[in-house]
Amino acid sequence: MSEPDLVTVIIPAFNAARTIDETLRSVRSQTHRRLEILVVDDGSVDATAQIVRSHAAEDQRIRLIQQPNSGVAAARNRAIAEATSNYVAPIDADDLWRPDKIEKQLARLHRDGETVALVYAWSAFIDENSRIVAAVPGPTHTGNVVGEIFGGNFPGNGSTVLMRKAAVIDAGGYDASLRARSAQGVEDWQLYFRIATRHEFSVVPEYLTGYRKTAAGMSADLLQMLRSRDLLAEEMCDRYPEYTAEIKAARLFFLGYLYHRALSNRQGIGTLMIAALLIRQNPLMGAKAAFFIPVRALARRAWWRLMRWIERGRDGKRQPEARRFLVELPVDCNRN
């Protein structure tokens, strides 16, 4: 029997002391044991490095790399440059993986052949306590996905993919220049787009990633994300001018997504600014979105509260807490 493939897990970490322990335990608990785990401490000033060292003392697969703060793209690129495997799987320092995530994605990659360079999976949204707050079935786009990726980052986030390292390098890696242009936010989407121009995608339609959804963090800087998306749209239009109309039209849907995020995060000024951009983009459809998105959000919240009240019953007992993404981790996570 041939030796299992080595997979390099890349974890950029900046002041991640509160979450990096659970993230590392979810990585170390993978059923695919042959891993190289590279944690890039991107200039943290908290206990991130100490926590990683404590894990490395127990698990020889872990290596800590430290560098001055350079941004998430540069941190990921550093790990990719030092990876010794043919496959890379990034995960942010506050996200989680189910134990069979790498095993299932690697099997799908081999099943679908050499033309496939990226396998994604679905993500469940988790809160600060790692409890599931939403799990909606994701897309299942496979093969040539250039047309689909114009409309958005359908793999979902930076923690859900397994990629061939050669394809990542050919695509130029993550664009670290976006940070200098105050346009961080779509580095993942940009890389996936560049890979999609040369290779095919595949998917494991299961919730294998826990994506932490909080108001804090870079993903909550919505106007920066819009600048980043617009730069990516320019690149898309340059490469595929025949799709310029579709790419520009997709901006309205991205603004709707940002508007919903601003409302959810209770960003008053940001909400107003994005609403104005929605209406400016398309006065009729933008105005409808600015009205109906909060109405639908309020309706969903009211329905959710009603369901919780009904489930409590007449005795008023407290409803059980939401299920954790990882109920428990295998006890043998120290086994290499």
# chains A, B, ... in the order shown; residues from 1 in each chain; ligands from 1

call {"tool": "residues_around", "arguments": {"residues": "range 12-14 of chain A", "least_positions_apart": "6", "cutoff": "6 Å", "atoms": "only C-alpha atoms", "output": "list in words"}}
result
Val39, Val40, Asp41, Asp42, Ser44, Ala75, Arg76 and Ala93 of chain A

call {"tool": "write_last_selection", "arguments": {"atoms": "N, CA, C and O atoms", "output": "PDB file, in the first residue's frame"}}
result
ATOM      1  N   VAL A  39       2.141  27.137  11.190  1.00  0.00           N
ATOM      2  CA  VAL A  39       1.461  28.284  11.780  1.00  0.00           C
ATOM      3  C   VAL A  39       2.358  29.497  11.610  1.00  0.00           C
ATOM      4  O   VAL A  39       3.503  29.509  12.093  1.00  0.00           O
ATOM      5  N   VAL A  40       1.870  30.523  10.927  1.00  0.00           N
ATOM      6  CA  VAL A  40       2.634  31.751  10.724  1.00  0.00           C
ATOM      7  C   VAL A  40       2.113  32.806  11.693  1.00  0.00           C
ATOM      8  O   VAL A  40       1.003  33.323  11.526  1.00  0.00           O
ATOM      9  N   ASP A  41       2.919  33.082  12.711  1.00  0.00           N
ATOM     10  CA  ASP A  41       2.573  34.123  13.678  1.00  0.00           C
ATOM     11  C   ASP A  41       2.948  35.464  13.054  1.00  0.00           C
ATOM     12  O   ASP A  41       4.121  35.806  12.935  1.00  0.00           O
ATOM     13  N   ASP A  42       1.929  36.222  12.678  1.00  0.00           N
ATOM     14  CA  ASP A  42       2.122  37.453  11.906  1.00  0.00           C
ATOM     15  C   ASP A  42       2.272  38.657  12.835  1.00  0.00           C
ATOM     16  O   ASP A  42       1.492  39.600  12.790  1.00  0.00           O
ATOM     17  N   SER A  44       2.159  38.776  16.272  1.00  0.00           N
ATOM     18  CA  SER A  44       1.241  38.839  17.415  1.00  0.00           C
ATOM     19  C   SER A  44       1.938  39.403  18.652  1.00  0.00           C
ATOM     20  O   SER A  44       3.138  39.201  18.864  1.00  0.00           O
ATOM     21  N   ALA A  75       1.201  36.219   5.141  1.00  0.00           N
ATOM     22  CA  ALA A  75       1.399  35.095   6.060  1.00  0.00           C
ATOM     23  C   ALA A  75       1.093  33.772   5.377  1.00  0.00           C
ATOM     24  O   ALA A  75       1.836  32.787   5.522  1.00  0.00           O
ATOM     25  N   ARG A  76       0.010  33.725   4.621  1.00  0.00           N
ATOM     26  CA  ARG A  76      -0.307  32.494   3.890  1.00  0.00           C
ATOM     27  C   ARG A  76       0.761  32.187   2.845  1.00  0.00           C
ATOM     28  O   ARG A  76       1.167  31.029   2.678  1.00  0.00           O
ATOM     29  N   ALA A  93      -7.131  31.234  11.951  1.00  0.00           N
ATOM     30  CA  ALA A  93      -6.821  30.850  13.322  1.00  0.00           C
ATOM     31  C   ALA A  93      -8.010  30.899  14.262  1.00  0.00           C
ATOM     32  O   ALA A  93      -7.854  30.632  15.469  1.00  0.00           O
TER      33      ALA A  93
END

call {"tool": "closest_residue", "arguments": {"among": "A:Leu162, A:Leu277, A:Ala74, A:Ala233", "to": "Tyr87 in chain A", "atoms": "only C-alpha atoms"}}
result
A:Leu162

call {"tool": "closest_residue", "arguments": {"among": "A:Ala166, A:Val186, A:Ile91, A:Ala176", "to": "Val27 in chain A", "atoms": "only C-alpha atoms"}}
result
A:Ile91

call {"tool": "atom_distance", "arguments": {"atom1": "CA of Glu128 in chain A", "atom2": "CA of Ala275 in chain A"}}
result
27.9 Å

call {"tool": "select_by_dssp", "arguments": {"residues": "range 89-142 of chain A", "states": "alpha helix (DSSP H)", "output": "number ranges by chain"}}
result
A: 101-112

call {"tool": "residues_around", "arguments": {"residues": "Glu200 in chain A", "least_positions_apart": "2", "cutoff": "10 Å", "atoms": "only C-alpha atoms", "output": "PyMOL selection string"}}
result
chain A and resi 112-119+141-146+195-198+202

call {"tool": "write_last_selection", "arguments": {"atoms": "C-alpha atoms", "output": "CSV table (one decimal), in the first residue's frame"}}
result
chain,number,residue,atom,x,y,z
A,112,ASP,CA,-12.0,13.6,-10.1
A,113,GLY,CA,-8.5,13.6,-11.6
A,114,GLU,CA,-5.6,15.9,-12.5
A,115,THR,CA,-7.8,18.5,-14.1
A,116,VAL,CA,-9.2,19.5,-10.7
A,117,ALA,CA,-7.0,21.8,-8.7
A,118,LEU,CA,-9.3,22.9,-5.9
A,119,VAL,CA,-11.9,21.1,-3.8
A,141,HIS,CA,-20.5,24.2,-8.8
A,142,THR,CA,-17.9,21.8,-10.4
A,143,GLY,CA,-15.7,21.6,-13.4
A,144,ASN,CA,-15.1,24.9,-15.3
A,145,VAL,CA,-16.5,27.4,-12.8
A,146,VAL,CA,-15.3,30.7,-14.3
A,195,ILE,CA,-7.1,29.2,-10.3
A,196,ALA,CA,-10.5,28.8,-12.1
A,197,THR,CA,-9.1,30.4,-15.2
A,198,ARG,CA,-6.7,27.4,-15.6
A,202,SER,CA,-14.8,20.0,-7.3

call {"tool": "select_by_dssp", "arguments": {"residues": "range 45-286 of chain A", "states": "strand (DSSP E)", "output": "PyMOL selection string"}}
result
chain A and resi 62-67+87-90+96-97+116-126+132-134+162-164+200-212

call {"tool": "residues_around", "arguments": {"residues": "Gly210 in chain A", "least_positions_apart": "4", "cutoff": "8 Å", "atoms": "only C-alpha atoms", "output": "ChimeraX atom specification"}}
result
/A:95-98,123-126,130,132,325

call {"tool": "write_last_selection", "arguments": {"atoms": "all heavy atoms", "output": "compact mmCIF listing (two decimals), in the first residue's frame"}}
result
# COMPACT_ATOMS: atom_id res chain seq x y z
N ASP A 95 -11.14 29.51 12.94
CA ASP A 95 -12.11 28.59 12.34
C ASP A 95 -11.83 27.16 12.78
O ASP A 95 -10.80 26.87 13.42
CB ASP A 95 -12.08 28.70 10.82
CG ASP A 95 -12.60 30.05 10.33
OD1 ASP A 95 -13.35 30.70 11.09
OD2 ASP A 95 -12.25 30.45 9.20
N LEU A 96 -12.74 26.25 12.42
CA LEU A 96 -12.63 24.85 12.84
C LEU A 96 -12.89 23.92 11.68
O LEU A 96 -13.59 24.28 10.72
CB LEU A 96 -13.66 24.55 13.95
CG LEU A 96 -13.59 25.40 15.22
CD1 LEU A 96 -14.76 25.05 16.14
CD2 LEU A 96 -12.27 25.20 15.94
N TRP A 97 -12.33 22.71 11.77
CA TRP A 97 -12.58 21.66 10.79
C TRP A 97 -13.19 20.44 11.48
O TRP A 97 -12.79 20.11 12.60
CB TRP A 97 -11.27 21.20 10.13
CG TRP A 97 -10.72 22.12 9.10
CD1 TRP A 97 -11.35 23.16 8.47
CD2 TRP A 97 -9.40 22.06 8.54
NE1 TRP A 97 -10.51 23.76 7.58
CE2 TRP A 97 -9.30 23.10 7.59
CE3 TRP A 97 -8.30 21.23 8.76
CZ2 TRP A 97 -8.14 23.33 6.86
CZ3 TRP A 97 -7.14 21.46 8.03
CH2 TRP A 97 -7.06 22.50 7.09
N ARG A 98 -14.08 19.78 10.78
CA ARG A 98 -14.52 18.47 11.25
C ARG A 98 -13.39 17.47 11.00
O ARG A 98 -12.57 17.65 10.10
CB ARG A 98 -15.80 18.04 10.54
CG ARG A 98 -17.01 18.88 10.93
CD ARG A 98 -18.29 18.10 10.74
NE ARG A 98 -19.47 18.91 11.00
CZ ARG A 98 -19.96 19.14 12.21
NH1 ARG A 98 -19.37 18.61 13.27
NH2 ARG A 98 -21.05 19.88 12.37
N SER A 123 -19.71 25.28 4.61
CA SER A 123 -19.35 25.79 5.93
C SER A 123 -20.60 26.05 6.76
O SER A 123 -21.62 26.49 6.24
CB SER A 123 -18.55 27.10 5.82
OG SER A 123 -17.34 26.91 5.12
N ALA A 124 -20.48 25.78 8.06
CA ALA A 124 -21.51 26.18 9.02
C ALA A 124 -20.99 27.42 9.74
O ALA A 124 -19.81 27.50 10.08
CB ALA A 124 -21.78 25.06 10.02
N PHE A 125 -21.85 28.40 9.93
CA PHE A 125 -21.46 29.59 10.68
C PHE A 125 -21.48 29.28 12.17
O PHE A 125 -22.44 28.67 12.68
CB PHE A 125 -22.39 30.76 10.38
CG PHE A 125 -22.26 31.29 8.98
CD1 PHE A 125 -23.18 30.97 8.00
CD2 PHE A 125 -21.19 32.12 8.64
CE1 PHE A 125 -23.05 31.45 6.71
CE2 PHE A 125 -21.05 32.61 7.35
CZ PHE A 125 -21.99 32.27 6.38
N ILE A 126 -20.42 29.68 12.87
CA ILE A 126 -20.35 29.47 14.31
C ILE A 126 -20.13 30.80 15.02
O ILE A 126 -19.60 31.75 14.43
CB ILE A 126 -19.23 28.48 14.68
CG1 ILE A 126 -17.86 28.97 14.17
CG2 ILE A 126 -19.52 27.09 14.10
CD1 ILE A 126 -16.69 28.10 14.59
N SER A 130 -18.26 28.87 19.49
CA SER A 130 -18.17 27.72 18.58
C SER A 130 -19.48 26.97 18.45
O SER A 130 -19.49 25.77 18.14
CB SER A 130 -17.05 26.76 19.03
OG SER A 130 -15.81 27.43 19.09
N ILE A 132 -23.13 26.47 16.49
CA ILE A 132 -23.66 26.69 15.15
C ILE A 132 -24.81 27.69 15.19
O ILE A 132 -25.76 27.52 15.94
CB ILE A 132 -24.15 25.36 14.55
CG1 ILE A 132 -22.98 24.37 14.41
CG2 ILE A 132 -24.79 25.60 13.18
CD1 ILE A 132 -23.41 22.99 13.99
N PHE A 325 -20.16 23.17 16.98
CA PHE A 325 -19.71 22.63 15.71
C PHE A 325 -18.93 21.34 15.92
O PHE A 325 -19.08 20.37 15.19
CB PHE A 325 -18.84 23.66 14.97
CG PHE A 325 -18.37 23.18 13.63
CD1 PHE A 325 -19.25 23.10 12.57
CD2 PHE A 325 -17.05 22.79 13.43
CE1 PHE A 325 -18.82 22.64 11.33
CE2 PHE A 325 -16.62 22.35 12.20
CZ PHE A 325 -17.50 22.27 11.14

call {"tool": "closest_residue", "arguments": {"among": "A:Arg239, A:Lys165, A:His32, A:Arg63", "to": "Lys101 in chain A", "atoms": "only C-alpha atoms"}}
result
A:His32

call {"tool": "atom_distance", "arguments": {"atom1": "CA of Thr8 in chain A", "atom2": "CA of Ala83 in chain A"}}
result
6.1 Å

call {"tool": "residues_around", "arguments": {"residues": "range 220-227 of chain A", "least_positions_apart": "2", "cutoff": "10 Å", "atoms": "only C-alpha atoms", "output": "PyMOL selection string"}}
result
chain A and resi 178-179+181-187+213-218+229-233+251+254-255+257-259+261-262+265+267+270-271+273-274

call {"tool": "write_last_selection", "arguments": {"atoms": "N, CA, C and O atoms", "output": "short mmCIF file (atom, residue, chain, number, x, y, z; two decimals), in the first residue's frame"}}
result
data_model
loop_
_atom_site.label_atom_id
_atom_site.label_comp_id
_atom_site.auth_asym_id
_atom_site.auth_seq_id
_atom_site.Cartn_x
_atom_site.Cartn_y
_atom_site.Cartn_z
N LEU A 178 -2.85 44.00 -1.78
CA LEU A 178 -4.15 44.58 -1.43
C LEU A 178 -4.10 45.33 -0.10
O LEU A 178 -4.81 46.31 0.10
N ARG A 179 -3.26 44.85 0.82
CA ARG A 179 -3.16 45.51 2.12
C ARG A 179 -2.65 46.94 1.96
O ARG A 179 -3.18 47.86 2.58
N ARG A 181 -3.01 48.81 -0.47
CA ARG A 181 -4.02 49.62 -1.17
C ARG A 181 -5.30 49.76 -0.36
O ARG A 181 -6.32 50.21 -0.89
N SER A 182 -5.24 49.37 0.94
CA SER A 182 -6.42 49.42 1.82
C SER A 182 -7.60 48.71 1.18
O SER A 182 -8.73 49.21 1.18
N ALA A 183 -7.31 47.55 0.63
CA ALA A 183 -8.35 46.81 -0.11
C ALA A 183 -8.32 45.33 0.24
O ALA A 183 -8.55 44.48 -0.62
N GLN A 184 -8.04 45.02 1.50
CA GLN A 184 -8.10 43.62 1.91
C GLN A 184 -9.55 43.16 1.97
O GLN A 184 -10.47 43.96 2.16
N GLY A 185 -9.73 41.84 1.83
CA GLY A 185 -11.07 41.32 2.01
C GLY A 185 -11.49 40.26 1.02
O GLY A 185 -12.32 39.42 1.34
N VAL A 186 -10.94 40.28 -0.19
CA VAL A 186 -11.33 39.25 -1.18
C VAL A 186 -10.11 38.50 -1.71
O VAL A 186 -10.14 38.01 -2.84
N GLU A 187 -9.06 38.40 -0.88
CA GLU A 187 -7.88 37.65 -1.32
C GLU A 187 -8.23 36.22 -1.70
O GLU A 187 -7.69 35.67 -2.68
N LYS A 213 -18.38 33.60 12.73
CA LYS A 213 -19.07 34.81 12.29
C LYS A 213 -19.21 35.76 13.47
O LYS A 213 -20.03 35.57 14.36
N THR A 214 -18.36 36.80 13.49
CA THR A 214 -18.41 37.81 14.55
C THR A 214 -18.34 39.19 13.91
O THR A 214 -17.91 39.34 12.76
N ALA A 215 -18.76 40.19 14.66
CA ALA A 215 -18.71 41.56 14.15
C ALA A 215 -17.28 42.07 14.07
O ALA A 215 -16.98 42.98 13.30
N ALA A 216 -16.38 41.49 14.86
CA ALA A 216 -14.99 41.93 14.85
C ALA A 216 -14.26 41.29 13.68
O ALA A 216 -14.76 40.40 13.00
N GLY A 217 -13.02 41.74 13.44
CA GLY A 217 -12.20 41.11 12.42
C GLY A 217 -12.27 41.82 11.09
O GLY A 217 -13.13 42.66 10.83
N MET A 218 -11.34 41.46 10.21
CA MET A 218 -11.22 42.13 8.93
C MET A 218 -12.48 41.99 8.09
O MET A 218 -12.87 42.89 7.36
N ARG A 229 -13.32 44.14 -3.75
CA ARG A 229 -14.15 43.50 -4.78
C ARG A 229 -14.07 44.27 -6.09
O ARG A 229 -14.02 43.67 -7.17
N ASP A 230 -14.05 45.60 -6.02
CA ASP A 230 -14.02 46.40 -7.24
C ASP A 230 -12.69 46.22 -7.98
O ASP A 230 -12.65 46.20 -9.22
N LEU A 231 -11.59 46.09 -7.23
CA LEU A 231 -10.31 45.82 -7.87
C LEU A 231 -10.32 44.45 -8.56
O LEU A 231 -9.79 44.30 -9.66
N LEU A 232 -10.92 43.47 -7.89
CA LEU A 232 -11.02 42.14 -8.50
C LEU A 232 -11.89 42.19 -9.75
O LEU A 232 -11.58 41.54 -10.76
N ALA A 233 -12.99 42.96 -9.70
CA ALA A 233 -13.86 43.07 -10.87
C ALA A 233 -13.11 43.66 -12.06
O ALA A 233 -13.33 43.24 -13.22
N ARG A 251 -22.10 43.48 -8.97
CA ARG A 251 -21.76 44.42 -7.89
C ARG A 251 -22.99 44.74 -7.04
O ARG A 251 -22.89 44.94 -5.83
N PHE A 254 -23.39 42.05 -4.53
CA PHE A 254 -22.35 42.16 -3.49
C PHE A 254 -22.69 43.28 -2.52
O PHE A 254 -22.51 43.14 -1.30
N LEU A 255 -23.20 44.39 -3.04
CA LEU A 255 -23.63 45.48 -2.16
C LEU A 255 -24.77 45.03 -1.25
O LEU A 255 -24.83 45.40 -0.07
N TYR A 257 -25.21 42.01 -0.14
CA TYR A 257 -24.57 41.19 0.89
C TYR A 257 -23.93 42.06 1.96
O TYR A 257 -24.10 41.82 3.17
N LEU A 258 -23.20 43.12 1.53
CA LEU A 258 -22.57 44.01 2.51
C LEU A 258 -23.61 44.75 3.35
O LEU A 258 -23.42 44.98 4.54
N TYR A 259 -24.72 45.12 2.72
CA TYR A 259 -25.80 45.80 3.43
C TYR A 259 -26.37 44.91 4.53
O TYR A 259 -26.60 45.34 5.67
N ARG A 261 -24.78 42.45 5.96
CA ARG A 261 -23.74 42.31 6.98
C ARG A 261 -23.71 43.54 7.89
O ARG A 261 -23.57 43.41 9.12
N ALA A 262 -23.83 44.73 7.31
CA ALA A 262 -23.82 45.95 8.11
C ALA A 262 -24.99 45.99 9.07
O ALA A 262 -24.86 46.39 10.23
N ASN A 265 -24.32 43.47 11.87
CA ASN A 265 -23.29 43.94 12.78
C ASN A 265 -23.65 45.26 13.47
O ASN A 265 -22.86 45.79 14.25
N GLN A 267 -23.87 48.28 12.28
CA GLN A 267 -22.99 49.37 11.89
C GLN A 267 -23.84 50.47 11.26
O GLN A 267 -24.10 50.45 10.06
N GLY A 270 -22.14 52.66 8.48
CA GLY A 270 -21.84 51.77 7.37
C GLY A 270 -23.09 51.33 6.64
O GLY A 270 -23.10 51.23 5.41
N THR A 271 -24.15 51.06 7.39
CA THR A 271 -25.41 50.66 6.78
C THR A 271 -25.95 51.75 5.86
O THR A 271 -26.37 51.49 4.73
N MET A 273 -24.24 54.19 4.43
CA MET A 273 -23.35 54.41 3.29
C MET A 273 -23.58 53.34 2.21
O MET A 273 -23.64 53.63 1.02
N ILE A 274 -23.71 52.09 2.65
CA ILE A 274 -23.90 51.02 1.67
C ILE A 274 -25.29 51.11 1.05
O ILE A 274 -25.47 50.82 -0.14
#

call {"tool": "decode", "arguments": {"residues": "range 169-186 of chain A", "atoms": "N, CA, C and O atoms", "output": "compact mmCIF listing (two decimals), in the first residue's frame"}}
result
# COMPACT_ATOMS: atom_id res chain seq x y z
N ILE A 169 0.66 28.38 -6.79
CA ILE A 169 1.87 29.11 -7.19
C ILE A 169 1.71 29.68 -8.59
O ILE A 169 2.06 30.84 -8.86
N ASP A 170 1.16 28.88 -9.52
CA ASP A 170 0.94 29.36 -10.88
C ASP A 170 0.00 30.58 -10.91
O ASP A 170 0.13 31.45 -11.78
N ALA A 171 -0.93 30.62 -9.95
CA ALA A 171 -1.88 31.73 -9.89
C ALA A 171 -1.29 32.96 -9.19
O ALA A 171 -1.95 34.00 -9.10
N GLY A 172 -0.07 32.83 -8.66
CA GLY A 172 0.57 33.97 -8.02
C GLY A 172 0.37 34.05 -6.53
O GLY A 172 0.77 35.04 -5.91
N GLY A 173 -0.27 33.02 -5.95
CA GLY A 173 -0.52 33.04 -4.52
C GLY A 173 -1.55 34.08 -4.14
O GLY A 173 -2.30 34.60 -4.98
N TYR A 174 -1.59 34.40 -2.87
CA TYR A 174 -2.51 35.43 -2.38
C TYR A 174 -1.90 36.81 -2.63
O TYR A 174 -0.69 37.01 -2.50
N ASP A 175 -2.72 37.77 -3.00
CA ASP A 175 -2.25 39.10 -3.38
C ASP A 175 -1.98 39.94 -2.14
O ASP A 175 -2.90 40.53 -1.56
N ALA A 176 -0.72 40.00 -1.74
CA ALA A 176 -0.35 40.76 -0.55
C ALA A 176 -0.40 42.27 -0.78
O ALA A 176 -0.39 43.05 0.18
N SER A 177 -0.46 42.70 -2.04
CA SER A 177 -0.47 44.14 -2.34
C SER A 177 -1.80 44.80 -1.95
O SER A 177 -1.87 46.03 -1.83
N LEU A 178 -2.85 44.00 -1.78
CA LEU A 178 -4.15 44.58 -1.43
C LEU A 178 -4.10 45.33 -0.10
O LEU A 178 -4.81 46.31 0.10
N ARG A 179 -3.26 44.85 0.82
CA ARG A 179 -3.16 45.51 2.12
C ARG A 179 -2.65 46.94 1.96
O ARG A 179 -3.18 47.86 2.58
N ALA A 180 -1.62 47.13 1.14
CA ALA A 180 -1.06 48.47 0.94
C ALA A 180 -2.05 49.39 0.26
O ALA A 180 -1.97 50.62 0.42
N ARG A 181 -3.01 48.81 -0.47
CA ARG A 181 -4.02 49.62 -1.17
C ARG A 181 -5.30 49.76 -0.36
O ARG A 181 -6.32 50.21 -0.89
N SER A 182 -5.24 49.37 0.94
CA SER A 182 -6.42 49.42 1.82
C SER A 182 -7.60 48.71 1.18
O SER A 182 -8.73 49.21 1.18
N ALA A 183 -7.31 47.55 0.63
CA ALA A 183 -8.35 46.81 -0.11
C ALA A 183 -8.32 45.33 0.24
O ALA A 183 -8.55 44.48 -0.62
N GLN A 184 -8.04 45.02 1.50
CA GLN A 184 -8.10 43.62 1.91
C GLN A 184 -9.55 43.16 1.97
O GLN A 184 -10.47 43.96 2.16
N GLY A 185 -9.73 41.84 1.83
CA GLY A 185 -11.07 41.32 2.01
C GLY A 185 -11.49 40.26 1.02
O GLY A 185 -12.32 39.42 1.34
N VAL A 186 -10.94 40.28 -0.19
CA VAL A 186 -11.33 39.25 -1.18
C VAL A 186 -10.11 38.50 -1.71
O VAL A 186 -10.14 38.01 -2.84
